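First the structure, in the form of structure tokens, and then the observations on it.
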Amino acid sequence: MTWLLKLYPPRWRRRYGEEFRALIAPQPFSITTAIDIIGGALDAWTRPQSHLTRAAHTEGDTIMLARLMKLDCARGPEVTAGDGLKGAAVILGGSFAALVVTYLLRQQPGEHPYRMAFLSNAWLFFFVISMRYWLVKRWSARAQAVYIGGLLSVIGGMTLLAGWLGR
Amino acid sequence: MNRRDQSVDLDEFGRFAEPALLILISLADGPKHGYAITEDIATFADVRFGPGTLYAAIARLESRGLIDALDADDRRNPYELTPVGEKALRARLASIQAVARVGQKRLANA
């Protein structure tokens with residue numbers, strides 16, 4: 001099960017990786033433990049503890065204090081005009097494409113509740129995808145994938161539920 | 001802010017409040033590493049936390065200065081209770097005792 005350790009953020013692994021590996025290495029594979037480890041990894045990504053961030057600063061790892069202050073406190077993740085345009089293009093372009101597809105599909109006879117549920121919620125998917133250019137812009141590629149992928153999965157699940165209810 | 005002057009409420013740990021409390025209790029009789037903490041908690045509380053839960057709670061406790069890591073023993077870091085951790089543990093146990101007393105009193109009068 002030690003391969004599951006790769007799901008944790010690098011800073012977390014640098015601090016706890018060795019002892020965590022020593023703890024799980026002797027254990028036989030079990031679904032319950034695997035789910036617990038995956039839950040722990042999600043927690044480590046979504047709620048990084050401050051001492052791990054501080055440790056990275058003292059190592060001169062990536063971020064200077066001034067940059068962090070600007071990023072976290074002052075003006076958000078430095079969204080440029082170009083980022084704003086890209087985000088808007090994703091939301092508007094995606095929503096417009098969904099609108100066209102919806103119009104074309106309406107010409108077909110019959111009820112398609114799942115298809116309609118997805119097309120109705122299409123703008124929400126593109127809104128979440130656009131976060132890559134603003135809300136999570138400075139995050140690592142993996143953190144972005146976890147955050148945006150997680151949100152898309154939740155919205156996808158809710159949309160499927162809406163389609164099922166609309167049958 | 002000086003962490004030593006800070007009082008920490010375990011409630012802010014959310015779903016990790018119970019694992020955190022049991023870890024503090026486990027460390028109250030001396031430093032232990034992750035595996036020893038798990039085994040100790042299984043013995044006195046009959047609860048066995050998964051590694052993900054255990055280390056999520058350990059990271060929170062360490063971040064707030066309630067426990068400290070000692071030098072690595074083999075590949076495993078033992079942890080010890082800090083004075084702030086001891087204070088938080090005493091406060092939480094006193095609160096639990098007060099609630100238990102009320103419950104027992106009411107049961108006795110029932």
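Residues are referred to by chain and number: the chain letter is A, B, ... according to the order shown in the structure tokens, the number counts from 1 in that chain, and ligands are numbered separately from 1 in the order shown.
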Proximal residues of chain A relative to chain B (only C-alpha atoms; 10 Å) as a VMD selection string: chain A and resid 5 12 15 to 24 32 to 44 47 to 54
Selection to disk with C-alpha atoms, as a short mmCIF file (atom, residue, chain, number, x, y, z; two decimals), in the first residue's frame:
data_model
loop_
_atom_site.label_atom_id
_atom_site.label_comp_id
_atom_site.auth_asym_id
_atom_site.auth_seq_id
_atom_site.Cartn_x
_atom_site.Cartn_y
_atom_site.Cartn_z
CA LEU A 5 1.81 7.70 -0.30
CA TRP A 12 3.70 16.44 3.47
CA ARG A 15 7.86 15.71 6.59
CA TYR A 16 5.91 12.50 7.32
CA GLY A 17 6.66 10.23 4.36
CA GLU A 18 9.31 8.00 5.94
CA GLU A 19 7.45 7.29 9.16
CA PHE A 20 4.15 6.91 7.32
CA ARG A 21 5.77 4.37 5.01
CA ALA A 22 7.20 2.52 8.02
CA LEU A 23 3.71 2.40 9.52
CA ILE A 24 1.85 1.09 6.47
CA THR A 32 -10.72 0.21 4.60
CA THR A 33 -7.11 1.26 5.12
CA ALA A 34 -6.76 2.34 1.48
CA ILE A 35 -9.87 4.54 1.77
CA ASP A 36 -8.53 5.99 5.02
CA ILE A 37 -5.20 6.83 3.35
CA ILE A 38 -6.94 8.41 0.34
CA GLY A 39 -9.08 10.47 2.74
CA GLY A 40 -5.91 11.55 4.54
CA ALA A 41 -4.32 12.57 1.22
CA LEU A 42 -7.35 14.64 0.26
CA ASP A 43 -7.23 16.32 3.65
CA ALA A 44 -3.52 17.05 3.26
CA ARG A 47 -6.15 21.65 4.43
CA PRO A 48 -2.36 21.98 4.43
CA GLN A 49 -1.08 22.55 7.95
CA SER A 50 0.83 25.75 8.57
CA HIS A 51 3.99 24.13 9.94
CA LEU A 52 4.54 22.39 6.60
CA THR A 53 4.26 25.70 4.77
CA ARG A 54 6.63 27.35 7.25
#
Within 12 Å of region 88-98 of chain B using only C-alpha atoms, minus same-chain residues under 5 positions, as number ranges by chain: B: 4-11, 17-18, 20-28, 61, 64-67, 81-83, 103-105
Please write the residues from the selection above to a file, keeping N, CA and C atoms, as a PDB file, in the first residue's frame.
ATOM      1  N   ARG B   4       2.991  29.525  22.476  1.00  0.00           N
ATOM      2  CA  ARG B   4       2.961  29.047  23.860  1.00  0.00           C
ATOM      3  C   ARG B   4       1.904  29.763  24.691  1.00  0.00           C
ATOM      4  N   ASP B   5       1.515  30.980  24.237  1.00  0.00           N
ATOM      5  CA  ASP B   5       0.500  31.727  24.967  1.00  0.00           C
ATOM      6  C   ASP B   5      -0.909  31.424  24.457  1.00  0.00           C
ATOM      7  N   GLN B   6      -0.963  30.601  23.473  1.00  0.00           N
ATOM      8  CA  GLN B   6      -2.232  30.370  22.794  1.00  0.00           C
ATOM      9  C   GLN B   6      -2.933  29.184  23.447  1.00  0.00           C
ATOM     10  N   SER B   7      -4.227  29.320  23.742  1.00  0.00           N
ATOM     11  CA  SER B   7      -4.922  28.139  24.203  1.00  0.00           C
ATOM     12  C   SER B   7      -5.623  27.516  23.000  1.00  0.00           C
ATOM     13  N   VAL B   8      -5.511  26.202  22.864  1.00  0.00           N
ATOM     14  CA  VAL B   8      -6.029  25.527  21.677  1.00  0.00           C
ATOM     15  C   VAL B   8      -7.216  24.680  22.073  1.00  0.00           C
ATOM     16  N   ASP B   9      -8.310  24.871  21.372  1.00  0.00           N
ATOM     17  CA  ASP B   9      -9.499  24.076  21.617  1.00  0.00           C
ATOM     18  C   ASP B   9      -9.526  22.951  20.587  1.00  0.00           C
ATOM     19  N   LEU B  10      -9.628  21.726  21.050  1.00  0.00           N
ATOM     20  CA  LEU B  10      -9.603  20.591  20.123  1.00  0.00           C
ATOM     21  C   LEU B  10     -10.817  20.591  19.198  1.00  0.00           C
ATOM     22  N   ASP B  11     -11.869  21.347  19.574  1.00  0.00           N
ATOM     23  CA  ASP B  11     -13.058  21.386  18.712  1.00  0.00           C
ATOM     24  C   ASP B  11     -12.729  21.914  17.320  1.00  0.00           C
ATOM     25  N   ALA B  17     -11.021  15.734  15.986  1.00  0.00           N
ATOM     26  CA  ALA B  17     -10.942  16.094  17.411  1.00  0.00           C
ATOM     27  C   ALA B  17     -10.773  14.835  18.288  1.00  0.00           C
ATOM     28  N   GLU B  18     -11.542  13.801  17.976  1.00  0.00           N
ATOM     29  CA  GLU B  18     -11.442  12.595  18.805  1.00  0.00           C
ATOM     30  C   GLU B  18     -10.089  11.895  18.635  1.00  0.00           C
ATOM     31  N   ALA B  20      -7.352  13.268  17.829  1.00  0.00           N
ATOM     32  CA  ALA B  20      -6.353  14.150  18.445  1.00  0.00           C
ATOM     33  C   ALA B  20      -6.353  13.988  19.966  1.00  0.00           C
ATOM     34  N   LEU B  21      -7.560  13.907  20.544  1.00  0.00           N
ATOM     35  CA  LEU B  21      -7.643  13.740  22.006  1.00  0.00           C
ATOM     36  C   LEU B  21      -6.991  12.420  22.426  1.00  0.00           C
ATOM     37  N   LEU B  22      -7.291  11.350  21.693  1.00  0.00           N
ATOM     38  CA  LEU B  22      -6.734  10.044  22.059  1.00  0.00           C
ATOM     39  C   LEU B  22      -5.214  10.020  21.876  1.00  0.00           C
ATOM     40  N   ILE B  23      -4.716  10.732  20.881  1.00  0.00           N
ATOM     41  CA  ILE B  23      -3.259  10.809  20.692  1.00  0.00           C
ATOM     42  C   ILE B  23      -2.622  11.545  21.871  1.00  0.00           C
ATOM     43  N   LEU B  24      -3.248  12.643  22.298  1.00  0.00           N
ATOM     44  CA  LEU B  24      -2.706  13.393  23.447  1.00  0.00           C
ATOM     45  C   LEU B  24      -2.698  12.507  24.693  1.00  0.00           C
ATOM     46  N   ILE B  25      -3.785  11.754  24.884  1.00  0.00           N
ATOM     47  CA  ILE B  25      -3.842  10.853  26.048  1.00  0.00           C
ATOM     48  C   ILE B  25      -2.728   9.808  25.939  1.00  0.00           C
ATOM     49  N   SER B  26      -2.541   9.295  24.732  1.00  0.00           N
ATOM     50  CA  SER B  26      -1.504   8.276  24.542  1.00  0.00           C
ATOM     51  C   SER B  26      -0.111   8.828  24.863  1.00  0.00           C
ATOM     52  N   LEU B  27       0.126  10.077  24.498  1.00  0.00           N
ATOM     53  CA  LEU B  27       1.458  10.668  24.716  1.00  0.00           C
ATOM     54  C   LEU B  27       1.641  11.179  26.145  1.00  0.00           C
ATOM     55  N   ALA B  28       0.559  11.158  26.930  1.00  0.00           N
ATOM     56  CA  ALA B  28       0.649  11.709  28.289  1.00  0.00           C
ATOM     57  C   ALA B  28       1.593  10.887  29.164  1.00  0.00           C
ATOM     58  N   LEU B  61      -1.987  18.473  15.341  1.00  0.00           N
ATOM     59  CA  LEU B  61      -1.437  18.657  16.696  1.00  0.00           C
ATOM     60  C   LEU B  61      -0.061  19.310  16.633  1.00  0.00           C
ATOM     61  N   ARG B  64      -0.182  23.057  15.661  1.00  0.00           N
ATOM     62  CA  ARG B  64      -0.632  23.975  16.717  1.00  0.00           C
ATOM     63  C   ARG B  64       0.233  23.903  17.964  1.00  0.00           C
ATOM     64  N   GLY B  65       1.332  23.180  17.883  1.00  0.00           N
ATOM     65  CA  GLY B  65       2.283  23.146  18.987  1.00  0.00           C
ATOM     66  C   GLY B  65       1.848  22.308  20.167  1.00  0.00           C
ATOM     67  N   LEU B  66       0.902  21.383  19.963  1.00  0.00           N
ATOM     68  CA  LEU B  66       0.449  20.532  21.074  1.00  0.00           C
ATOM     69  C   LEU B  66       1.363  19.316  21.246  1.00  0.00           C
ATOM     70  N   ILE B  67       2.013  18.921  20.176  1.00  0.00           N
ATOM     71  CA  ILE B  67       3.012  17.852  20.256  1.00  0.00           C
ATOM     72  C   ILE B  67       4.252  18.289  19.484  1.00  0.00           C
ATOM     73  N   LEU B  81       4.362  15.133  24.145  1.00  0.00           N
ATOM     74  CA  LEU B  81       3.407  16.170  24.511  1.00  0.00           C
ATOM     75  C   LEU B  81       4.170  17.438  24.881  1.00  0.00           C
ATOM     76  N   THR B  82       3.714  18.593  24.424  1.00  0.00           N
ATOM     77  CA  THR B  82       4.329  19.862  24.828  1.00  0.00           C
ATOM     78  C   THR B  82       3.539  20.421  26.020  1.00  0.00           C
ATOM     79  N   PRO B  83       4.055  21.443  26.694  1.00  0.00           N
ATOM     80  CA  PRO B  83       3.288  22.069  27.782  1.00  0.00           C
ATOM     81  C   PRO B  83       1.923  22.585  27.287  1.00  0.00           C
ATOM     82  N   GLY B 103     -24.226  13.713  33.747  1.00  0.00           N
ATOM     83  CA  GLY B 103     -24.944  12.564  33.209  1.00  0.00           C
ATOM     84  C   GLY B 103     -25.183  11.501  34.261  1.00  0.00           C
ATOM     85  N   GLN B 104     -24.128  11.204  35.045  1.00  0.00           N
ATOM     86  CA  GLN B 104     -24.266  10.166  36.065  1.00  0.00           C
ATOM     87  C   GLN B 104     -25.238  10.590  37.159  1.00  0.00           C
ATOM     88  N   LYS B 105     -25.190  11.873  37.516  1.00  0.00           N
ATOM     89  CA  LYS B 105     -26.094  12.383  38.542  1.00  0.00           C
ATOM     90  C   LYS B 105     -27.540  12.251  38.088  1.00  0.00           C
TER      91      LYS B 105
END
Residues flagged helix (DSSP H, G or I) by DSSP in chain A, as number ranges by chain: A: 2-7, 10-24, 31-46, 50-58, 65-74, 81-106, 113-120, 122-133, 141-165
From region 35-77 of chain B, collect each residue whose DSSP state is strand (DSSP E or B) and return the set as a PDB file with N, CA and C atoms, in the first residue's frame.
ATOM      1  N   ILE B  67       2.013  18.921  20.176  1.00  0.00           N
ATOM      2  CA  ILE B  67       3.012  17.852  20.256  1.00  0.00           C
ATOM      3  C   ILE B  67       4.252  18.289  19.484  1.00  0.00           C
ATOM      4  N   ASP B  68       5.375  17.670  19.831  1.00  0.00           N
ATOM      5  CA  ASP B  68       6.632  17.956  19.131  1.00  0.00           C
ATOM      6  C   ASP B  68       7.239  16.648  18.651  1.00  0.00           C
ATOM      7  N   ALA B  69       7.897  16.688  17.508  1.00  0.00           N
ATOM      8  CA  ALA B  69       8.595  15.492  17.028  1.00  0.00           C
ATOM      9  C   ALA B  69       9.989  15.463  17.654  1.00  0.00           C
ATOM     10  N   ASP B  73      13.854   7.878  15.313  1.00  0.00           N
ATOM     11  CA  ASP B  73      14.312   6.623  15.889  1.00  0.00           C
ATOM     12  C   ASP B  73      14.128   5.611  14.762  1.00  0.00           C
ATOM     13  N   ARG B  76      11.349   6.185  12.187  1.00  0.00           N
ATOM     14  CA  ARG B  76      10.122   6.665  12.791  1.00  0.00           C
ATOM     15  C   ARG B  76      10.384   7.797  13.776  1.00  0.00           C
TER      16      ARG B  76
END
Shell around Ile129 (chain A) at 9 Å using only C-alpha atoms, local window under 5 positions removed, as number ranges by chain: A: 87, 90-91, 124, 148-149, 152
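Proximity of A:Leu99, A:Ala88, A:Ile31, A:Met116 to Leu165 (chain A), computed with only C-alpha atoms, is greatest for A:Met116.
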Interatomic distance, CA of Ala42 (chain B) to CA of Val102 (chain B) (Å, one decimal):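 CA of Ala42 (chain B) sits 27.6 Å away from CA of Val102 (chain B).
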